[in-house]
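Visitor: The following file, structure16.cif, comprises mmCIF, C-alpha atoms:
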data_start
loop_
_atom_site.label_atom_id
_atom_site.label_comp_id
_atom_site.auth_asym_id
_atom_site.auth_seq_id
_atom_site.Cartn_x
_atom_site.Cartn_y
_atom_site.Cartn_z
CA MET A 14 22.68 -45.79 56.71
CA ARG A 15 20.36 -43.69 54.61
CA LYS A 16 18.50 -41.13 56.68
CA ARG A 17 14.76 -41.69 56.89
CA PRO A 18 12.78 -38.90 55.15
CA GLU A 19 11.14 -36.49 57.58
CA HIS A 20 7.61 -37.30 56.36
CA LYS A 21 8.18 -40.98 57.21
CA HIS A 22 8.85 -40.30 60.91
CA LEU A 23 6.10 -41.30 63.32
CA ARG A 24 5.91 -37.81 64.85
CA TYR A 25 5.20 -36.28 61.44
CA VAL A 26 2.59 -38.94 60.59
CA LEU A 27 0.82 -38.41 63.93
CA PHE A 28 0.93 -34.63 63.52
CA ARG A 29 -0.52 -34.96 60.01
CA ILE A 30 -3.29 -37.28 61.24
CA TYR A 31 -4.18 -34.71 63.92
CA VAL A 32 -4.37 -31.91 61.33
CA ILE A 33 -6.52 -34.09 59.05
CA PHE A 34 -8.85 -34.86 61.98
CA ILE A 35 -9.49 -31.16 62.70
CA PHE A 36 -9.75 -30.41 58.99
CA ARG A 37 -12.40 -33.09 58.47
CA LEU A 38 -14.40 -31.81 61.42
CA TYR A 39 -14.51 -28.42 59.72
CA PHE A 40 -15.33 -29.92 56.29
CA PRO A 41 -17.43 -33.04 57.07
CA ARG A 42 -17.74 -34.10 53.43
CA LEU A 43 -14.65 -33.71 51.27
CA PHE A 44 -15.00 -34.75 47.63
CA VAL A 45 -11.87 -35.55 45.62
CA SER A 46 -11.70 -36.08 41.87
CA GLY A 47 -8.76 -36.76 39.55
CA ARG A 48 -6.53 -38.17 42.28
CA GLU A 49 -5.40 -40.84 39.82
CA TYR A 50 -3.88 -38.15 37.60
CA VAL A 51 -1.40 -36.94 40.23
CA PRO A 52 2.15 -38.24 39.59
CA ASP A 53 3.36 -40.74 42.17
CA GLU A 54 5.55 -39.68 45.06
CA GLY A 55 9.16 -39.40 43.92
CA ASN A 56 8.31 -37.64 40.65
CA PRO A 57 9.22 -33.93 40.57
CA ASN A 58 5.87 -32.20 40.53
CA VAL A 59 4.69 -28.57 40.67
CA MET A 60 1.02 -28.45 41.66
CA VAL A 61 -0.64 -25.22 40.52
CA GLY A 62 -4.05 -24.10 41.75
CA CYS A 63 -6.53 -21.26 42.00
CA HIS A 64 -6.26 -19.20 45.18
CA GLN A 65 -9.28 -18.19 47.25
CA ASN A 66 -8.35 -19.01 50.84
CA PRO A 67 -5.01 -18.07 52.48
CA PHE A 68 -4.36 -21.36 54.29
CA ILE A 69 -6.97 -23.96 53.35
CA ASP A 70 -5.97 -23.84 49.67
CA PRO A 71 -2.44 -25.26 50.16
CA LEU A 72 -3.51 -27.50 53.04
CA ALA A 73 -6.35 -29.32 51.27
CA PRO A 74 -4.45 -31.02 48.40
CA SER A 75 -1.64 -31.93 50.77
CA LEU A 76 -4.04 -33.71 53.14
CA VAL A 77 -6.02 -35.63 50.51
CA LEU A 78 -2.90 -37.07 48.85
CA GLY A 79 -2.06 -39.26 51.87
CA THR A 80 0.68 -39.42 54.51
CA ASP A 81 3.22 -41.05 52.16
CA ARG A 82 3.64 -37.87 50.13
CA ARG A 83 5.86 -35.00 51.22
CA THR A 84 4.34 -31.76 49.93
CA ARG A 85 5.89 -28.31 50.03
CA GLY A 86 4.31 -24.92 49.59
CA LEU A 87 4.95 -21.18 49.58
CA MET A 88 2.90 -18.75 51.68
CA ARG A 89 2.97 -14.99 52.25
CA SER A 90 5.83 -14.15 54.59
CA ASP A 91 3.95 -11.85 56.99
CA ILE A 92 2.10 -14.86 58.43
CA PHE A 93 5.47 -16.26 59.58
CA SER A 94 6.03 -13.33 61.95
CA VAL A 95 4.52 -15.33 64.86
CA PRO A 96 7.11 -17.97 65.88
CA ILE A 97 4.69 -20.79 66.71
CA ILE A 98 2.76 -20.25 63.47
CA SER A 99 6.07 -20.22 61.61
CA TRP A 100 7.02 -23.53 63.26
CA PHE A 101 3.64 -25.06 62.45
CA LEU A 102 3.74 -24.02 58.78
CA ARG A 103 7.31 -25.16 58.28
CA LYS A 104 6.44 -28.54 59.80
CA LEU A 105 3.77 -28.83 57.10
CA GLY A 106 6.41 -28.03 54.48
CA ILE A 107 5.21 -24.46 53.85
CA MET A 108 7.91 -21.80 53.33
CA PRO A 109 7.67 -17.97 53.42
CA ILE A 110 7.59 -15.97 50.20
CA ALA A 111 7.35 -12.17 50.00
CA ARG A 112 5.67 -10.10 47.30
CA MET A 113 6.78 -6.67 46.18
CA ASP A 114 3.28 -5.14 46.28
CA PHE A 115 2.45 -6.49 49.73
CA GLU A 116 5.36 -7.40 52.02
CA GLY A 117 7.91 -5.19 50.22
CA PRO A 118 11.55 -5.44 49.07
CA GLU A 119 13.03 -5.96 52.55
CA ALA A 120 10.93 -9.07 53.13
CA MET A 121 11.77 -10.30 49.63
CA GLU A 122 15.47 -9.97 50.38
CA LYS A 123 15.03 -11.74 53.72
CA PHE A 124 12.94 -14.72 52.63
CA ASN A 125 12.77 -15.27 48.88
CA HIS A 126 16.23 -16.51 47.96
CA GLU A 127 16.26 -19.17 50.69
CA SER A 128 12.65 -20.27 50.07
CA LEU A 129 12.93 -20.40 46.28
CA THR A 130 16.18 -22.38 46.51
CA ALA A 131 14.54 -24.81 48.95
CA ALA A 132 11.51 -25.06 46.65
CA ALA A 133 13.65 -25.89 43.61
CA ASP A 134 15.58 -28.43 45.70
CA ALA A 135 12.32 -30.04 46.85
CA ILE A 136 11.07 -30.40 43.28
CA ALA A 137 14.38 -31.82 42.11
CA GLU A 138 14.30 -34.36 44.97
CA GLY A 139 10.95 -35.64 43.76
CA HIS A 140 8.61 -33.82 46.13
CA THR A 141 5.38 -32.02 45.25
CA LEU A 142 5.46 -28.21 45.44
CA ILE A 143 2.08 -26.46 45.75
CA LEU A 144 1.96 -22.96 44.26
CA PHE A 145 -0.58 -20.27 43.43
CA PRO A 146 0.42 -18.19 40.40
CA GLU A 147 -2.22 -15.55 41.22
CA ALA A 148 0.05 -14.56 44.16
CA GLY A 149 -2.74 -12.93 46.23
CA HIS A 150 -5.96 -14.84 46.88
CA GLN A 151 -9.18 -13.74 45.21
CA GLN A 152 -12.33 -12.58 46.97
CA GLY A 153 -14.64 -14.97 45.17
CA ARG A 154 -15.10 -17.75 42.67
CA TYR A 155 -12.98 -16.49 39.80
CA LEU A 156 -9.45 -16.85 38.48
CA GLY A 157 -6.97 -13.99 38.66
CA HIS A 158 -3.94 -13.12 36.56
CA PHE A 159 -1.19 -15.76 36.47
CA THR A 160 2.49 -15.05 36.95
CA GLN A 161 4.97 -17.51 35.41
CA SER A 162 7.48 -18.00 38.23
CA TYR A 163 6.21 -21.54 38.84
CA ILE A 164 7.34 -22.52 35.33
CA ARG A 165 10.82 -21.15 35.98
CA LEU A 166 11.01 -23.22 39.18
CA ALA A 167 9.94 -26.36 37.32
CA PHE A 168 12.52 -25.90 34.56
CA ASP A 169 15.17 -25.07 37.16
CA ALA A 170 14.46 -28.43 38.81
CA ALA A 171 14.74 -30.15 35.41
CA LYS A 172 18.04 -28.38 34.78
CA ARG A 173 19.49 -29.80 37.99
CA HIS A 174 19.01 -33.26 36.51
CA GLY A 175 20.53 -32.23 33.21
CA PHE A 176 17.08 -32.26 31.59
CA LYS A 177 17.17 -36.08 31.80
CA ARG A 178 14.34 -36.50 34.32
CA GLU A 179 10.67 -35.78 33.82
CA VAL A 180 9.17 -32.84 35.71
CA TYR A 181 5.41 -32.36 35.86
CA ILE A 182 3.08 -29.41 36.32
CA THR A 183 -0.25 -30.58 37.72
CA PRO A 184 -3.24 -28.18 37.66
CA TYR A 185 -5.69 -28.42 40.53
CA ALA A 186 -8.70 -26.51 41.83
CA HIS A 187 -11.00 -26.48 44.83
CA HIS A 188 -14.59 -25.53 45.46
CA TYR A 189 -16.06 -24.44 48.81
CA ALA A 190 -19.76 -24.77 49.56
CA ASN A 191 -19.20 -21.91 52.02
CA TYR A 192 -16.07 -19.80 52.46
CA HIS A 193 -16.66 -18.55 55.98
CA HIS A 194 -18.42 -21.12 58.18
CA PRO A 195 -17.76 -24.69 59.39
CA PHE A 196 -19.68 -27.89 58.60
CA TYR A 197 -19.99 -27.23 54.86
CA ASP A 198 -18.71 -29.43 52.04
CA MET A 199 -15.57 -28.94 49.97
CA MET A 200 -14.15 -30.31 46.72
CA VAL A 201 -10.55 -30.82 45.59
CA MET A 202 -10.11 -31.54 41.87
CA PHE A 203 -6.90 -32.51 40.08
CA GLY A 204 -6.29 -32.05 36.37
CA LYS A 205 -4.04 -33.98 34.01
CA PRO A 206 -0.32 -33.35 34.63
CA ILE A 207 1.67 -31.58 31.94
CA PRO A 208 5.09 -33.22 31.34
CA LEU A 209 7.81 -30.70 30.58
CA SER A 210 10.19 -33.01 28.69
CA PRO A 211 8.64 -32.12 25.28
CA TYR A 212 9.68 -28.50 25.95
CA TYR A 213 13.25 -29.12 27.19
CA LYS A 214 14.88 -28.68 23.78
CA ASP A 215 13.16 -25.39 22.87
CA TYR A 216 13.03 -23.79 26.32
CA ALA A 217 16.68 -22.67 26.38
CA ASP A 218 16.30 -20.71 23.12
CA HIS A 219 12.67 -19.57 23.39
CA PRO A 220 11.69 -19.44 27.09
CA ARG A 221 8.95 -16.81 26.84
CA PRO A 222 6.78 -18.50 24.17
CA ILE A 223 7.16 -21.81 26.01
CA ARG A 224 6.13 -20.29 29.34
CA ARG A 225 3.16 -18.59 27.70
CA GLN A 226 2.06 -21.82 26.05
CA ILE A 227 2.28 -23.81 29.29
CA THR A 228 0.48 -21.09 31.25
CA GLU A 229 -2.39 -21.09 28.75
CA GLU A 230 -2.77 -24.86 29.10
CA VAL A 231 -2.61 -24.72 32.90
CA GLU A 232 -5.16 -21.87 33.09
CA ALA A 233 -7.52 -23.68 30.70
CA GLN A 234 -7.48 -26.81 32.85
CA ILE A 235 -8.02 -24.89 36.10
CA ARG A 236 -10.90 -22.88 34.62
CA ASN A 237 -12.49 -26.12 33.48
CA LEU A 238 -12.19 -27.63 36.96
CA MET A 239 -13.38 -24.67 39.06
CA LEU A 240 -16.38 -22.37 39.08
CA ASP A 241 -15.08 -19.29 37.29
CA ILE A 242 -17.47 -16.32 37.33
CA SER A 243 -15.47 -14.12 34.99
CA ASP A 244 -18.14 -11.38 34.67
CA LEU A 245 -16.85 -9.47 37.72
CA PRO A 246 -19.15 -6.41 37.32
CA HIS A 247 -22.09 -8.80 37.75
CA TYR A 248 -20.39 -11.24 40.11
CA ASN A 249 -22.77 -10.62 43.04
CA ALA A 250 -25.83 -11.11 40.84
CA ILE A 251 -24.60 -14.39 39.35
CA ASP A 252 -23.34 -15.72 42.68
CA TYR A 253 -26.64 -14.87 44.37
CA LEU A 254 -28.59 -16.49 41.56
CA ARG A 255 -26.71 -19.79 41.64
CA GLU A 256 -26.93 -20.04 45.45
CA SER A 257 -30.64 -19.20 45.54
CA ARG A 258 -33.69 -21.36 44.96
CA PHE A 259 -33.29 -20.57 41.27
CA GLY A 260 -29.86 -22.25 41.20
CA LYS A 261 -31.12 -25.27 43.15
CA ASP A 262 -34.07 -25.72 40.81
CA TYR A 263 -31.75 -25.37 37.83
CA CYS A 264 -29.63 -28.19 39.27
CA LYS A 265 -32.67 -30.44 39.75
CA ASN A 266 -33.93 -29.71 36.23
CA ASN A 267 -30.55 -30.85 34.90
CA GLY A 268 -30.77 -34.16 36.76
CA GLY A 269 -28.55 -33.21 39.71
CA ASP A 270 -28.88 -33.10 43.47
CA PRO A 271 -28.31 -29.54 44.80
CA ASN A 272 -27.24 -30.99 48.17
CA HIS A 273 -24.47 -33.03 46.50
CA LEU A 274 -21.58 -30.63 45.93
CA PRO A 275 -20.18 -32.27 42.74
CA ASP A 276 -23.66 -32.13 41.14
CA LYS A 277 -24.13 -28.54 42.26
CA LEU A 278 -20.74 -27.48 40.90
CA ALA A 279 -21.47 -29.05 37.50
CA SER A 280 -24.86 -27.34 37.44
CA ASP A 281 -23.43 -23.97 38.53
CA LYS A 282 -20.81 -24.06 35.77
CA LYS A 283 -23.53 -24.78 33.23
CA LEU A 284 -25.72 -22.00 34.66
CA VAL A 285 -22.90 -19.42 34.60
CA ALA A 286 -22.13 -20.32 30.97
CA ALA A 287 -25.82 -20.02 30.05
CA ILE A 288 -26.10 -16.60 31.74
CA GLU A 289 -23.04 -15.38 29.86
CA GLN A 290 -24.45 -16.66 26.57
CA ASN A 291 -27.93 -15.14 27.01
CA LYS A 292 -27.28 -11.91 28.91
CA GLU A 293 -27.49 -9.73 25.79
CA GLN A 294 -31.17 -10.63 25.39
CA ASP A 295 -32.01 -8.60 28.50
CA ALA A 296 -29.12 -6.18 29.00
CA SER A 297 -30.39 -4.64 32.24
CA LEU A 298 -31.34 -7.89 33.98
CA LEU A 299 -27.99 -8.59 35.63
CA ASP A 300 -27.71 -4.96 36.79
CA GLU A 301 -31.13 -5.24 38.43
CA MET A 302 -30.13 -8.56 39.99
CA ASN A 303 -26.99 -6.90 41.35
CA ALA A 304 -29.11 -4.20 42.97
CA PHE A 305 -31.53 -6.77 44.37
CA ALA A 306 -28.71 -8.86 45.88
CA ALA A 307 -27.34 -5.70 47.53
CA LYS A 308 -30.75 -4.91 49.06
CA VAL A 309 -31.12 -8.43 50.43
CA LYS A 310 -27.64 -8.27 51.94
CA LYS A 311 -28.28 -4.87 53.49
CA ALA A 312 -31.52 -6.16 55.02
CA LYS A 313 -29.62 -9.19 56.41
CA LEU A 314 -32.08 -11.60 54.86
CA ARG A 315 -31.05 -15.04 53.61
CA ASP A 316 -32.46 -16.41 50.38
CA TRP A 317 -33.79 -19.63 51.95
CA LEU A 318 -36.22 -17.54 53.99
CA PHE A 319 -38.16 -16.52 50.88
CA ASP A 320 -39.07 -20.14 50.11
CA THR A 321 -39.59 -21.38 53.67
CA ARG A 322 -43.13 -22.55 54.37
CA ARG A 323 -44.86 -22.23 57.74
CA ARG A 324 -42.36 -19.63 58.88
CA GLY A 325 -44.42 -18.78 61.95
CA TRP A 326 -44.42 -22.38 63.18
CA LYS A 327 -40.73 -22.77 62.47
CA LEU A 328 -39.99 -19.53 64.27
CA ALA A 329 -41.96 -20.65 67.33
CA PHE A 330 -40.33 -24.09 67.35
CA GLY A 331 -36.86 -22.61 66.85
CA LEU A 332 -37.34 -20.14 69.71
CA LEU A 333 -38.58 -22.93 72.00
CA LEU A 334 -35.67 -25.21 71.09
CA ALA A 335 -33.16 -22.37 71.56
CA ILE A 336 -34.57 -21.61 75.02
CA ILE A 337 -34.55 -25.28 76.06
CA LEU A 338 -30.95 -25.77 74.93
CA LEU A 339 -29.74 -22.44 76.31
CA PRO A 340 -28.47 -23.82 79.69
CA LEU A 341 -26.45 -26.55 77.94
CA ALA A 342 -25.12 -24.02 75.42
CA ALA A 343 -24.14 -21.65 78.25
CA VAL A 344 -22.24 -24.43 80.05
CA SER A 345 -20.53 -25.48 76.82
CA LEU A 346 -19.46 -21.90 76.08
CA ALA A 347 -18.30 -21.26 79.64
CA LEU A 348 -16.03 -24.32 79.59
CA THR A 349 -14.68 -23.94 76.06
CA PHE A 350 -14.92 -20.23 75.17
CA PRO A 351 -11.12 -19.86 74.71
CA VAL A 352 -11.41 -22.26 71.78
CA PHE A 353 -13.55 -19.63 70.03
CA LEU A 354 -11.95 -16.50 71.46
CA LEU A 355 -8.55 -16.44 69.77
CA PRO A 356 -9.81 -17.26 66.23
CA TYR A 357 -12.54 -14.63 66.68
CA ILE A 358 -10.02 -11.95 67.69
CA ILE A 359 -7.62 -12.77 64.88
CA LYS A 360 -10.14 -12.88 62.04
CA ASN A 361 -11.66 -9.56 63.04
CA ARG A 362 -8.31 -7.76 62.83
CA PRO A 363 -7.25 -5.99 59.62
CA VAL A 364 -4.72 -7.67 57.34
CA ASN A 365 -2.39 -5.29 55.46
CA GLY A 366 -4.59 -2.42 56.60
CA ALA A 367 -7.93 -3.94 55.50
CA TYR A 368 -10.40 -6.52 56.74
CA ASP A 369 -10.20 -9.70 54.68
CA PRO A 370 -13.27 -11.95 54.99
CA MET A 371 -11.40 -14.80 53.28
CA PHE A 372 -9.30 -15.20 56.45
CA SER A 373 -12.33 -16.41 58.42
CA SER A 374 -12.00 -20.16 57.93
CA THR A 375 -8.19 -19.91 58.02
CA CYS A 376 -8.36 -18.37 61.50
CA ASP A 377 -10.87 -20.97 62.68
CA VAL A 378 -8.87 -23.96 61.45
CA VAL A 379 -5.33 -22.74 62.15
CA GLY A 380 -6.19 -21.12 65.48
CA THR A 381 -7.91 -24.29 66.65
CA ILE A 382 -5.17 -26.66 65.46
CA ILE A 383 -2.21 -24.70 66.79
CA PHE A 384 -3.41 -22.83 69.85
CA THR A 385 -6.81 -23.24 71.35
CA PHE A 386 -7.56 -26.96 71.29
CA PRO A 387 -4.10 -28.13 72.46
CA ILE A 388 -3.79 -25.38 75.10
CA VAL A 389 -7.36 -25.34 76.38
CA CYS A 390 -8.28 -29.01 76.06
CA VAL A 391 -5.24 -31.27 75.67
CA LEU A 392 -2.68 -29.79 78.09
CA PRO A 393 -5.14 -29.45 81.03
CA ALA A 394 -6.22 -33.05 80.42
CA ILE A 395 -2.61 -34.25 80.65
CA VAL A 396 -1.99 -32.30 83.88
CA LEU A 397 -5.23 -33.45 85.51
CA MET A 398 -4.66 -37.01 84.38
CA LEU A 399 -1.20 -37.06 86.00
CA CYS A 400 -2.29 -35.26 89.17
CA ILE A 401 -5.80 -36.58 89.83
CA SER A 402 -7.14 -39.45 87.73
CA TRP A 403 -6.73 -41.15 84.37
CA TRP A 404 -10.42 -40.44 83.74
CA PHE A 405 -9.40 -36.97 82.56
CA VAL A 406 -8.15 -38.61 79.37
CA PHE A 407 -11.74 -38.15 78.20
CA TYR A 408 -11.67 -34.40 78.85
CA PRO A 409 -10.53 -33.45 75.29
CA ILE A 410 -13.28 -35.64 73.81
CA VAL A 411 -15.96 -34.06 76.02
CA SER A 412 -14.60 -30.58 75.26
CA LEU A 413 -14.66 -31.27 71.54
CA LEU A 414 -18.27 -32.44 71.75
CA MET A 415 -19.14 -29.25 73.64
CA VAL A 416 -17.44 -27.13 70.97
CA LEU A 417 -19.33 -28.93 68.19
CA PHE A 418 -22.62 -28.60 70.09
CA TYR A 419 -22.13 -24.87 70.65
CA CYS A 420 -21.34 -24.33 66.97
CA ARG A 421 -24.57 -26.09 66.04
CA TYR A 422 -26.48 -24.11 68.66
CA GLN A 423 -25.04 -20.88 67.29
CA ARG A 424 -26.25 -21.85 63.82
CA LEU A 425 -29.73 -22.55 65.27
CA CYS A 426 -29.78 -19.05 66.80
CA VAL A 427 -28.75 -17.48 63.49
CA LYS A 428 -31.64 -19.21 61.73
CA VAL A 429 -34.10 -18.17 64.44
CA LEU A 430 -32.94 -14.55 64.20
CA GLY A 431 -33.28 -14.74 60.43
CA LEU A 432 -36.86 -15.98 60.73
CA LEU A 433 -37.63 -13.32 63.33
CA ARG A 434 -36.27 -10.60 61.05
CA PHE A 435 -38.18 -11.93 58.05
CA CYS A 436 -41.49 -12.52 59.84
CA VAL A 437 -41.58 -9.59 62.27
CA THR A 438 -39.05 -6.77 62.22
CA LYS A 439 -38.68 -6.50 58.42
CA ARG A 440 -41.88 -8.17 57.32
CA HIS A 441 -43.03 -5.48 54.87
CA LEU A 442 -39.59 -5.13 53.29
CA ALA A 443 -39.35 -8.92 52.98
CA GLN A 444 -42.71 -9.06 51.22
CA ALA A 445 -41.65 -6.39 48.73
CA LEU A 446 -38.33 -8.15 48.09
CA ALA A 447 -40.13 -11.46 47.61
CA LYS A 448 -42.22 -9.97 44.79
CA GLU A 449 -39.16 -8.40 43.18
CA ARG A 450 -37.28 -11.68 43.46
CA LYS A 451 -40.07 -13.62 41.76
CA THR A 452 -40.18 -11.12 38.90
CA LEU A 453 -36.43 -11.33 38.37
CA PHE A 454 -36.44 -15.14 38.48
CA ASP A 455 -39.27 -15.25 35.93
CA ARG A 456 -37.27 -12.98 33.61
CA PHE A 457 -34.26 -15.32 33.86
CA ARG A 458 -36.51 -18.31 33.09
CA PHE A 459 -37.89 -16.45 30.09
CA LEU A 460 -34.32 -16.42 28.72
CA GLY A 461 -34.44 -20.21 28.75
CA LEU A 462 -32.45 -20.74 31.97
#
Would you encode the structure as structure tokens?
Guide:
Amino acid sequence: MRKRPEHKHLRYVLFRIYVIFIFRLYFPRLFVSGREYVPDEGNPNVMVGCHQNPFIDPLAPSLVLGTDRRTRGLMRSDIFSVPIISWFLRKLGIMPIARMDFEGPEAMEKFNHESLTAAADAIAEGHTLILFPEAGHQQGRYLGHFTQSYIRLAFDAAKRHGFKREVYITPYAHHYANYHHPFYDMMVMFGKPIPLSPYYKDYADHPRPIRRQITEEVEAQIRNLMLDISDLPHYNAIDYLRESRFGKDYCKNNGGDPNHLPDKLASDKKLVAAIEQNKEQDASLLDEMNAFAAKVKKAKLRDWLFDTRRRGWKLAFGLLLAIILLPLAAVSLALTFPVFLLPYIIKNRPVNGAYDPMFSSTCDVVGTIIFTFPIVCVLPAIVLMLCISWWFVFYPIVSLLMVLFYCRYQRLCVKVLGLLRFCVTKRHLAQALAKERKTLFDRFRFLGL
């Protein structure tokens, strides 16, 4: 009898459903576009995307494509040093890959041959392989330099079938409303797959021009899908501008809803293009906006505070609500603090000798899925249910509600502290920054934005 594929087993389906459940708690609204473009399961497919988050990037497209699809991926090998994390990633079809500039030649010798062979086998068998040609993830909303190893893998898979079977390269991109905190929206966008059969004949004789041509097409599609702020010297200015009231008003003026992530992404792409087109009219404006954004960040002021009306009343109400809810928040934290503790410790440790803020959501999601929720909430519930009463089956549900409540309470406290800083401790600085902000916004509007 033919062996059932691993991704068809009930244990894998249940595990995947559990991961999707935690993932959707972290990203309550997940928008997907272009799903109809993705080749059906069974077609060799290399899915190529932009890279901004170490773990969420490969996880997101895998989860939105359904439980019937077996996806594979490659991830930096140093993450596999912890056995349970290695087991978890391999169960999701993610294999270790080492890079010369990061993990070094010894890790490359240890992992790469086996992983690349398994990746080529997976493609040839009709699975979907998720890759990131930028190798390292970026620190913002822009596209880095592409390597071409993914094209070699795709053609290697085609070669195993004697160049008689179609192999696809499917561009994809993602967009995060917020990189670092839970309960924000996310988008996953798929482009049109590129069939490689038209290149089979010429690839053997002219591989480099073919790889360059395919890479240009893939990059063009990904840039069109994502928000690509290519002006890196002025990245902070442009990113601040699009996230501020100016960016929200720009979205409304273009007929969009700034609270609807697809509308906001379309508006942001239009705004970034308009800034790039008109920046020569006022050469110093983006430099001044860069400096302003740095001052706001140093003062720990959020942009929404500048436009908030009745700040005093909102501060008083927020303080009162925080005090009233404090006992419940304290109980929730006391009972569930290990859920927060391990992700907090991990994401505040240096990676490759430096602190990487892009690991924040990765630590929250992975730490919760693998360690904290099963160990702190599920296992005790099983023990108590067997030893005392079946009523403890509800313990994980209650614990999860406590975790969600505390996260919301923490966000309330952050907003109250922001209002307190704006209205009291840094009131004069906030007033000066508000005037400077208005002047800068007016200058951008004068450019026709």
Visitor: With only C-alpha atoms as the atoms that count, which of A:Leu328, A:Ile182, A:Leu142, A:Ala170 lies nearest to Pro208 (chain A)?
Guide: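 Going through A:Leu328, A:Ile182, A:Leu142, A:Ala170 one by one, the smallest distance to Pro208 (chain A) is for A:Ile182.
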Visitor: What is the CA of His247 (chain A) to CA of Ala312 (chain A) distance in Å?
Guide: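 CA of His247 (chain A) sits 19.9 Å away from CA of Ala312 (chain A).
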Visitor: Apply the PyMOL selection byres ((chain A and resi 450) around 12) to the file shown and report the selected residues as a VMD selection string.
Guide: chain A and resid 250 253 to 254 257 to 259 298 301 to 306 308 to 309 316 319 to 320 443 to 449 451 to 457
Visitor: Could you spell out the hits of the PyMOL selection byres ((chain A and resi 89) around 8) on the shown file, as a CSV table (one decimal) with C-alpha atoms, in the coordinates of the input?
Guide:
chain,number,residue,atom,x,y,z
A,87,LEU,CA,5.0,-21.2,49.6
A,88,MET,CA,2.9,-18.8,51.7
A,90,SER,CA,5.8,-14.2,54.6
A,91,ASP,CA,4.0,-11.8,57.0
A,92,ILE,CA,2.1,-14.9,58.4
A,93,PHE,CA,5.5,-16.3,59.6
A,109,PRO,CA,7.7,-18.0,53.4
A,110,ILE,CA,7.6,-16.0,50.2
A,111,ALA,CA,7.4,-12.2,50.0
A,112,ARG,CA,5.7,-10.1,47.3
A,116,GLU,CA,5.4,-7.4,52.0
Visitor: For the interface of region 401-428 of chain A with region 367-390 of chain A (cut-off 7 Å, counting only C-alpha atoms), please tabulate each contacting residue of region 401-428 of chain A alongside its nearest pair of atoms and their separation in Å to one decimal, rows sorted by chain and increasing number, as CSV.
Guide:
residue,atom,partner,partner_atom,distance
A:Tyr408,CA,A:Cys390,CA,7.0
A:Pro409,CA,A:Cys390,CA,5.0
A:Ser412,CA,A:Cys390,CA,6.6
Visitor: Ranking A:Gly106, A:Pro393, A:Gly461, A:Gly62 by minimum distance to Tyr263 (chain A) and counting all atoms listed in the file, which one comes first?
Guide: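 Distance minimum relative to Tyr263 (chain A) lands on A:Gly461.
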Visitor: Using the chain letters and numbers from this file, what does the PyMOL selection byres ((chain A and resi 234-242) around 9) select? Give the answer as a CSV table (one decimal) with C-alpha atoms, in the coordinates of the input.
Guide:
chain,number,residue,atom,x,y,z
A,61,VAL,CA,-0.6,-25.2,40.5
A,62,GLY,CA,-4.0,-24.1,41.8
A,63,CYS,CA,-6.5,-21.3,42.0
A,153,GLY,CA,-14.6,-15.0,45.2
A,154,ARG,CA,-15.1,-17.8,42.7
A,155,TYR,CA,-13.0,-16.5,39.8
A,156,LEU,CA,-9.4,-16.8,38.5
A,184,PRO,CA,-3.2,-28.2,37.7
A,185,TYR,CA,-5.7,-28.4,40.5
A,186,ALA,CA,-8.7,-26.5,41.8
A,187,HIS,CA,-11.0,-26.5,44.8
A,188,HIS,CA,-14.6,-25.5,45.5
A,202,MET,CA,-10.1,-31.5,41.9
A,203,PHE,CA,-6.9,-32.5,40.1
A,204,GLY,CA,-6.3,-32.0,36.4
A,205,LYS,CA,-4.0,-34.0,34.0
A,229,GLU,CA,-2.4,-21.1,28.8
A,230,GLU,CA,-2.8,-24.9,29.1
A,231,VAL,CA,-2.6,-24.7,32.9
A,232,GLU,CA,-5.2,-21.9,33.1
A,233,ALA,CA,-7.5,-23.7,30.7
A,243,SER,CA,-15.5,-14.1,35.0
A,244,ASP,CA,-18.1,-11.4,34.7
A,245,LEU,CA,-16.8,-9.5,37.7
A,247,HIS,CA,-22.1,-8.8,37.8
A,248,TYR,CA,-20.4,-11.2,40.1
A,251,ILE,CA,-24.6,-14.4,39.4
A,252,ASP,CA,-23.3,-15.7,42.7
A,278,LEU,CA,-20.7,-27.5,40.9
A,279,ALA,CA,-21.5,-29.0,37.5
A,281,ASP,CA,-23.4,-24.0,38.5
A,282,LYS,CA,-20.8,-24.1,35.8
A,285,VAL,CA,-22.9,-19.4,34.6
A,286,ALA,CA,-22.1,-20.3,31.0
Visitor: In Å to one decimal, how far is CA of Arg83 (chain A) from CA of Asn56 (chain A)?
Guide: 11.2 Å
Visitor: Quote the spacing between CA of Glu289 (chain A) and CA of Gln161 (chain A) in Å to one decimal place.
Guide: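 The value is 28.6 Å.
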Visitor: Would you pick out the contacts of Leu339 (chain A) at 12 Å or less, using only C-alpha atoms, so that residues sharing its chain but fewer than 3 positions from it are not included, and give the list as an MDAnalysis selection string?
Guide: chainID A and resid 331:336 342:347 418:419 422:423 425:426
Visitor: Considering all atoms listed in the file, can you say which of A:Leu430, A:Ala137, A:Ile164, A:Met200 comes closest to Ile223 (chain A)?
Guide: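 With all atoms listed in the file as the atom set, the closest residue is A:Ile164.
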Visitor: Of the candidates A:Phe68, A:Phe36, A:Tyr25, A:Phe44, which one gets nearest to Val201 (chain A) if we count all atoms listed in the file?
Guide: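 Of A:Phe68, A:Phe36, A:Tyr25, A:Phe44, the one nearest Val201 (chain A), counting all atoms listed in the file, is A:Phe44.
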Visitor: Measuring atom to atom with only C-alpha atoms, identify which of A:Ala329, A:Leu209, A:Leu76, A:Cys264 is nearest to Cys436 (chain A).
Guide: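 Under the stated criterion, the closest residue is A:Ala329.
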